[in-house]
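Enquirer: Next up is a structure, given as structure tokens.
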Amino acid sequence: MLDTLLADSTGVYSPPNRPVTIRHLMTHTSGIPYGDIGDPRFAKLYAKQGVADLFPIDGRSTRDNASRMARTGLAHDPGERWTYGLGLDVLVAVIEVASGRPYAEFLRTELLDPLGMDHTHFVLPEDQRDHLLEVFEPDSDGSWKPHQHPAYTTEYPTREEWPLCSGGAGLTSTAMDYARFLQMVLDRGAIPGGRLLEEATIDTILADHAPGLVDGDWYQGLAFGVRKEPEGQGRFFWGGYFNTQGYGDPATGELALLMKQTYGARNDSTSSAFSALLGR
């Protein structure tokens with residue numbers, strides 16, 4: 001566990017009080033933060049160790065990146081706090097070792113193909129690349145300009161030579177495909193012609209797995225945030241880095257999606273307004 005970050009971007013560490021578990025990785029309680037959008041100390045550590053913090057940037061594999069991450073330590077003891085971060089990326093490496101398959105292949109076989117999510121990929125097939133929308137960010141004059149970032153390029157969905165698959169970012173999809181995934185959760189694991197997950201598994205996914213660690217009107221499930229009472233109790237949600245928003249309400253059976261390709265927009269109220277649509 002990182003105690004002190006030194007001036008040369010090396011750290012002073014102490015042993016964590018418990019090992020990191022799969023549940024910690026799934027619930028952002030592992031102590032493995034983001035750097036670019038999270039802990040500035042780890043932004044420096046990740047830069048020193050060459051960790052890809054968000055999206056693929058070169059020919060490294062998922063497990064190569066996890067190995068680099070392991071040299072940076074933890075921000076806090078596992079299970080001590082909720083810290084949005086790269087635990088899901090480490091989980092991908094665990095899945096690859098346990099399944100013996102690359103994560104993109106595992107995800108295609110176990111989730112995407114059964115749900116008919118034929119337009120969801122880490123790397124888009126050639127015949128789908130003309131559907132990819134550019135990411136925009138606000139310009140100083142109030143207009144919009146193509147997004148440019150010093151650490152990554154938004155061309156990663158077309159780069160077959162970049163094999164890294166992230167657990168927390170990097171999939172490209174469509175509204176219809178994402179809706180199929182949310183509908184499966186609303187249908188408690190049932191899919192057309194069969195069943196993908198048991199009902200008890202959906203109950204477990206939507207339960208509180210970090211009690212007392214999240215501030216606000218929601219709690220952390222295994223795949224979503226879930227609203228607490230009184231308003232919207234049980235509604236599950238999550239958002240994407242470029243401002244995709246997805247919501248499902250088990251009480252009404254409704255789902256809502258907002259798909260954008262924007263970065264850095266301040267005072268953007270569309271997420272909360274879109275969530276409120278489910279409450280009307």
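Following the order of the structure tokens, first chain is A, next is B, and so on, with residues numbered from 1 inside each chain and ligands from 1 in the order they appear.
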Please list as a count of residues only every residue within 9 Å of Tyr84 in chain A, counting only C-alpha atoms and excluding residues in the same chain fewer than 6 positions away.
Expert: 8
Enquirer: Please produce, as a tab-separated table, a per-residue contact table for range 69-169 of chain A versus range 238-258 of chain A (criterion: any atom at most 12 Å away, only C-alpha atoms considered), showing the nearest atom pair and its distance in Å to one decimal, sorted by chain then residue number.
Expert:
```
residue	atom	partner	partner_atom	distance
A:Leu133	CA	A:Phe242	CA	11.3
A:Glu134	CA	A:Phe242	CA	10.5
A:Val135	CA	A:Phe242	CA	7.5
A:Phe136	CA	A:Phe242	CA	9.1
A:Glu137	CA	A:Phe242	CA	9.8
A:His147	CA	A:Phe242	CA	10.3
A:Thr154	CA	A:Phe242	CA	10.3
A:Gly167	CA	A:Gly240	CA	11.9
A:Gly168	CA	A:Gly240	CA	8.7
A:Ala169	CA	A:Tyr241	CA	7.2
```
Enquirer: Where in range 19-144 of chain A does DSSP assign strand (DSSP E), given as a list in words?
Expert: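 Those residues are Phe136, Glu137, Pro138 and Trp144 of chain A.
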Enquirer: So that I can see what lies close to Glu229 in chain A, please list as a PDB file with C-alpha atoms, in the first residue's frame the residues with an atom at most 12 Å from it, counting only C-alpha atoms and leaving out residues fewer than 6 positions away in the same chain.
Expert:
```pdb
ATOM      1  CA  GLY A 216     -24.929   9.509  -1.852  1.00  0.00           C
ATOM      2  CA  ASP A 217     -28.243   8.019  -2.929  1.00  0.00           C
ATOM      3  CA  TRP A 218     -26.854   4.844  -4.517  1.00  0.00           C
ATOM      4  CA  TYR A 219     -24.806   1.771  -3.708  1.00  0.00           C
ATOM      5  CA  ARG A 235     -32.933   1.467 -10.530  1.00  0.00           C
TER       6      ARG A 235
END
```
Enquirer: Give me the range 88-151 of chain A side of the contact with range 43-54 of chain A, cut-off 12 Å, one line per residue showing its nearest atom pair and distance in Å at one decimal, counting only C-alpha atoms, sorted by chain and residue number, as a Markdown table.
Expert:
```
| residue | atom | partner | partner_atom | distance |
| --- | --- | --- | --- | --- |
| A:Leu88 | CA | A:Leu54 | CA | 11.4 |
| A:Asp89 | CA | A:Leu54 | CA | 9.5 |
| A:Val90 | CA | A:Asp53 | CA | 11.7 |
| A:His149 | CA | A:Leu54 | CA | 11.2 |
| A:Pro150 | CA | A:Leu54 | CA | 11.8 |
| A:Ala151 | CA | A:Ala52 | CA | 8.3 |
```
Enquirer: Here is a test: counting only C-alpha atoms, which residue of A:Ile95, A:Leu171, A:Met176, A:Ala207 is nearest to Phe236 in chain A?
Expert: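 For Phe236 in chain A, the nearest of the candidates is A:Ala207.
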Enquirer: Using only C-alpha atoms, find the one residue out of A:Gly116, A:Val94, A:Gly85, A:Thr172 that sits nearest to Lys260 in chain A.
Expert: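 Looking only at the distances to Lys260 in chain A, the closest residue turns out to be A:Thr172.
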Enquirer: I'd like a table as a tab-separated table: residues in range 35-147 of chain A with an atom no more than 12 Å from range 181-193 of chain A, each row giving the shortest atom pair and its distance in Å to one decimal, only C-alpha atoms counted, sorted by chain and rising residue number.
Expert:
```
residue	atom	partner	partner_atom	distance
A:Leu111	CA	A:Phe181	CA	8.7
A:Leu112	CA	A:Phe181	CA	8.5
A:Asp113	CA	A:Phe181	CA	11.1
A:Pro114	CA	A:Ile191	CA	8.1
A:Leu115	CA	A:Phe181	CA	6.9
A:Gly116	CA	A:Phe181	CA	9.3
A:Met117	CA	A:Phe181	CA	8.1
A:Asp118	CA	A:Phe181	CA	11.8
A:Thr120	CA	A:Phe181	CA	10.8
```
Enquirer: Between A:Thr109, A:Ser269, A:Thr21, A:Ser173, which is the closest to Arg129 in chain A once you count only C-alpha atoms?
Expert: A:Ser173
Enquirer: Under the rule that only C-alpha atoms are counted, which of A:Pro157, A:Pro16, A:Gly87, A:Pro146 is the nearest residue to Leu132 in chain A?
Expert: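 For Leu132 in chain A, the nearest of the given residues is A:Pro157.
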Enquirer: Would you mind writing down, as a PyMOL selection string, each residue of range 50-170 of chain A that DSSP on the backbone assigns to alpha helix (DSSP H)?
Expert: chain A and resi 62-70+87-99+103-107+113-115
Enquirer: How would the residues just picked look written out with N, CA and C atoms as a PDB file, in the first residue's frame?
Expert:
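To be explicit, this is the file written out as again-v2.pdb:
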```
ATOM      1  N   THR A  62      -3.280  -7.312 -22.358  1.00  0.00           N
ATOM      2  CA  THR A  62      -3.963  -6.991 -21.108  1.00  0.00           C
ATOM      3  C   THR A  62      -3.123  -7.410 -19.912  1.00  0.00           C
ATOM      4  N   ARG A  63      -2.533  -8.594 -19.985  1.00  0.00           N
ATOM      5  CA  ARG A  63      -1.730  -9.083 -18.857  1.00  0.00           C
ATOM      6  C   ARG A  63      -0.409  -8.332 -18.729  1.00  0.00           C
ATOM      7  N   ASP A  64       0.151  -7.889 -19.849  1.00  0.00           N
ATOM      8  CA  ASP A  64       1.335  -7.027 -19.770  1.00  0.00           C
ATOM      9  C   ASP A  64       1.013  -5.772 -18.961  1.00  0.00           C
ATOM     10  N   ASN A  65      -0.129  -5.178 -19.228  1.00  0.00           N
ATOM     11  CA  ASN A  65      -0.502  -3.949 -18.541  1.00  0.00           C
ATOM     12  C   ASN A  65      -0.750  -4.205 -17.057  1.00  0.00           C
ATOM     13  N   ALA A  66      -1.389  -5.334 -16.745  1.00  0.00           N
ATOM     14  CA  ALA A  66      -1.633  -5.682 -15.345  1.00  0.00           C
ATOM     15  C   ALA A  66      -0.315  -5.885 -14.598  1.00  0.00           C
ATOM     16  N   SER A  67       0.676  -6.451 -15.259  1.00  0.00           N
ATOM     17  CA  SER A  67       1.986  -6.645 -14.630  1.00  0.00           C
ATOM     18  C   SER A  67       2.645  -5.304 -14.315  1.00  0.00           C
ATOM     19  N   ARG A  68       2.494  -4.348 -15.208  1.00  0.00           N
ATOM     20  CA  ARG A  68       3.035  -3.008 -14.935  1.00  0.00           C
ATOM     21  C   ARG A  68       2.296  -2.369 -13.765  1.00  0.00           C
ATOM     22  N   MET A  69       0.980  -2.577 -13.725  1.00  0.00           N
ATOM     23  CA  MET A  69       0.164  -2.024 -12.652  1.00  0.00           C
ATOM     24  C   MET A  69       0.595  -2.568 -11.293  1.00  0.00           C
ATOM     25  N   ALA A  70       0.980  -3.838 -11.269  1.00  0.00           N
ATOM     26  CA  ALA A  70       1.355  -4.482 -10.009  1.00  0.00           C
ATOM     27  C   ALA A  70       2.576  -3.829  -9.372  1.00  0.00           C
ATOM     28  N   GLY A  87      -9.358  -1.686 -11.114  1.00  0.00           N
ATOM     29  CA  GLY A  87      -9.554  -3.056 -10.659  1.00  0.00           C
ATOM     30  C   GLY A  87     -10.196  -3.943 -11.710  1.00  0.00           C
ATOM     31  N   LEU A  88     -11.103  -3.383 -12.509  1.00  0.00           N
ATOM     32  CA  LEU A  88     -11.760  -4.168 -13.559  1.00  0.00           C
ATOM     33  C   LEU A  88     -10.777  -4.594 -14.642  1.00  0.00           C
ATOM     34  N   ASP A  89      -9.732  -3.805 -14.856  1.00  0.00           N
ATOM     35  CA  ASP A  89      -8.719  -4.191 -15.826  1.00  0.00           C
ATOM     36  C   ASP A  89      -7.891  -5.370 -15.318  1.00  0.00           C
ATOM     37  N   VAL A  90      -7.609  -5.381 -14.020  1.00  0.00           N
ATOM     38  CA  VAL A  90      -6.932  -6.529 -13.427  1.00  0.00           C
ATOM     39  C   VAL A  90      -7.832  -7.761 -13.496  1.00  0.00           C
ATOM     40  N   LEU A  91      -9.128  -7.566 -13.299  1.00  0.00           N
ATOM     41  CA  LEU A  91     -10.078  -8.677 -13.390  1.00  0.00           C
ATOM     42  C   LEU A  91     -10.051  -9.325 -14.769  1.00  0.00           C
ATOM     43  N   VAL A  92      -9.874  -8.528 -15.824  1.00  0.00           N
ATOM     44  CA  VAL A  92      -9.764  -9.084 -17.174  1.00  0.00           C
ATOM     45  C   VAL A  92      -8.586 -10.043 -17.258  1.00  0.00           C
ATOM     46  N   ALA A  93      -7.460  -9.670 -16.669  1.00  0.00           N
ATOM     47  CA  ALA A  93      -6.299 -10.559 -16.666  1.00  0.00           C
ATOM     48  C   ALA A  93      -6.605 -11.857 -15.925  1.00  0.00           C
ATOM     49  N   VAL A  94      -7.345 -11.759 -14.815  1.00  0.00           N
ATOM     50  CA  VAL A  94      -7.748 -12.959 -14.062  1.00  0.00           C
ATOM     51  C   VAL A  94      -8.627 -13.856 -14.931  1.00  0.00           C
ATOM     52  N   ILE A  95      -9.581 -13.258 -15.642  1.00  0.00           N
ATOM     53  CA  ILE A  95     -10.481 -14.029 -16.507  1.00  0.00           C
ATOM     54  C   ILE A  95      -9.691 -14.732 -17.608  1.00  0.00           C
ATOM     55  N   GLU A  96      -8.709 -14.038 -18.180  1.00  0.00           N
ATOM     56  CA  GLU A  96      -7.922 -14.667 -19.240  1.00  0.00           C
ATOM     57  C   GLU A  96      -7.157 -15.878 -18.720  1.00  0.00           C
ATOM     58  N   VAL A  97      -6.586 -15.769 -17.518  1.00  0.00           N
ATOM     59  CA  VAL A  97      -5.856 -16.902 -16.942  1.00  0.00           C
ATOM     60  C   VAL A  97      -6.820 -18.037 -16.605  1.00  0.00           C
ATOM     61  N   ALA A  98      -7.963 -17.711 -15.989  1.00  0.00           N
ATOM     62  CA  ALA A  98      -8.905 -18.745 -15.557  1.00  0.00           C
ATOM     63  C   ALA A  98      -9.561 -19.453 -16.735  1.00  0.00           C
ATOM     64  N   SER A  99      -9.870 -18.706 -17.795  1.00  0.00           N
ATOM     65  CA  SER A  99     -10.584 -19.285 -18.939  1.00  0.00           C
ATOM     66  C   SER A  99      -9.654 -19.864 -19.988  1.00  0.00           C
ATOM     67  N   TYR A 103      -9.593 -12.143 -23.543  1.00  0.00           N
ATOM     68  CA  TYR A 103     -10.839 -11.597 -23.020  1.00  0.00           C
ATOM     69  C   TYR A 103     -11.843 -11.271 -24.125  1.00  0.00           C
ATOM     70  N   ALA A 104     -11.386 -10.735 -25.247  1.00  0.00           N
ATOM     71  CA  ALA A 104     -12.313 -10.412 -26.332  1.00  0.00           C
ATOM     72  C   ALA A 104     -13.048 -11.663 -26.805  1.00  0.00           C
ATOM     73  N   GLU A 105     -12.341 -12.782 -26.886  1.00  0.00           N
ATOM     74  CA  GLU A 105     -12.973 -14.044 -27.281  1.00  0.00           C
ATOM     75  C   GLU A 105     -13.917 -14.541 -26.199  1.00  0.00           C
ATOM     76  N   PHE A 106     -13.503 -14.469 -24.941  1.00  0.00           N
ATOM     77  CA  PHE A 106     -14.355 -14.892 -23.826  1.00  0.00           C
ATOM     78  C   PHE A 106     -15.649 -14.076 -23.803  1.00  0.00           C
ATOM     79  N   LEU A 107     -15.525 -12.762 -23.935  1.00  0.00           N
ATOM     80  CA  LEU A 107     -16.704 -11.898 -23.887  1.00  0.00           C
ATOM     81  C   LEU A 107     -17.631 -12.179 -25.063  1.00  0.00           C
ATOM     82  N   ASP A 113     -22.377 -12.786 -28.169  1.00  0.00           N
ATOM     83  CA  ASP A 113     -23.087 -13.628 -29.146  1.00  0.00           C
ATOM     84  C   ASP A 113     -24.437 -14.117 -28.635  1.00  0.00           C
ATOM     85  N   PRO A 114     -24.532 -14.621 -27.390  1.00  0.00           N
ATOM     86  CA  PRO A 114     -25.850 -15.048 -26.904  1.00  0.00           C
ATOM     87  C   PRO A 114     -26.887 -13.927 -26.887  1.00  0.00           C
ATOM     88  N   LEU A 115     -26.441 -12.687 -26.690  1.00  0.00           N
ATOM     89  CA  LEU A 115     -27.372 -11.563 -26.658  1.00  0.00           C
ATOM     90  C   LEU A 115     -27.602 -10.947 -28.034  1.00  0.00           C
TER      91      LEU A 115
END
```
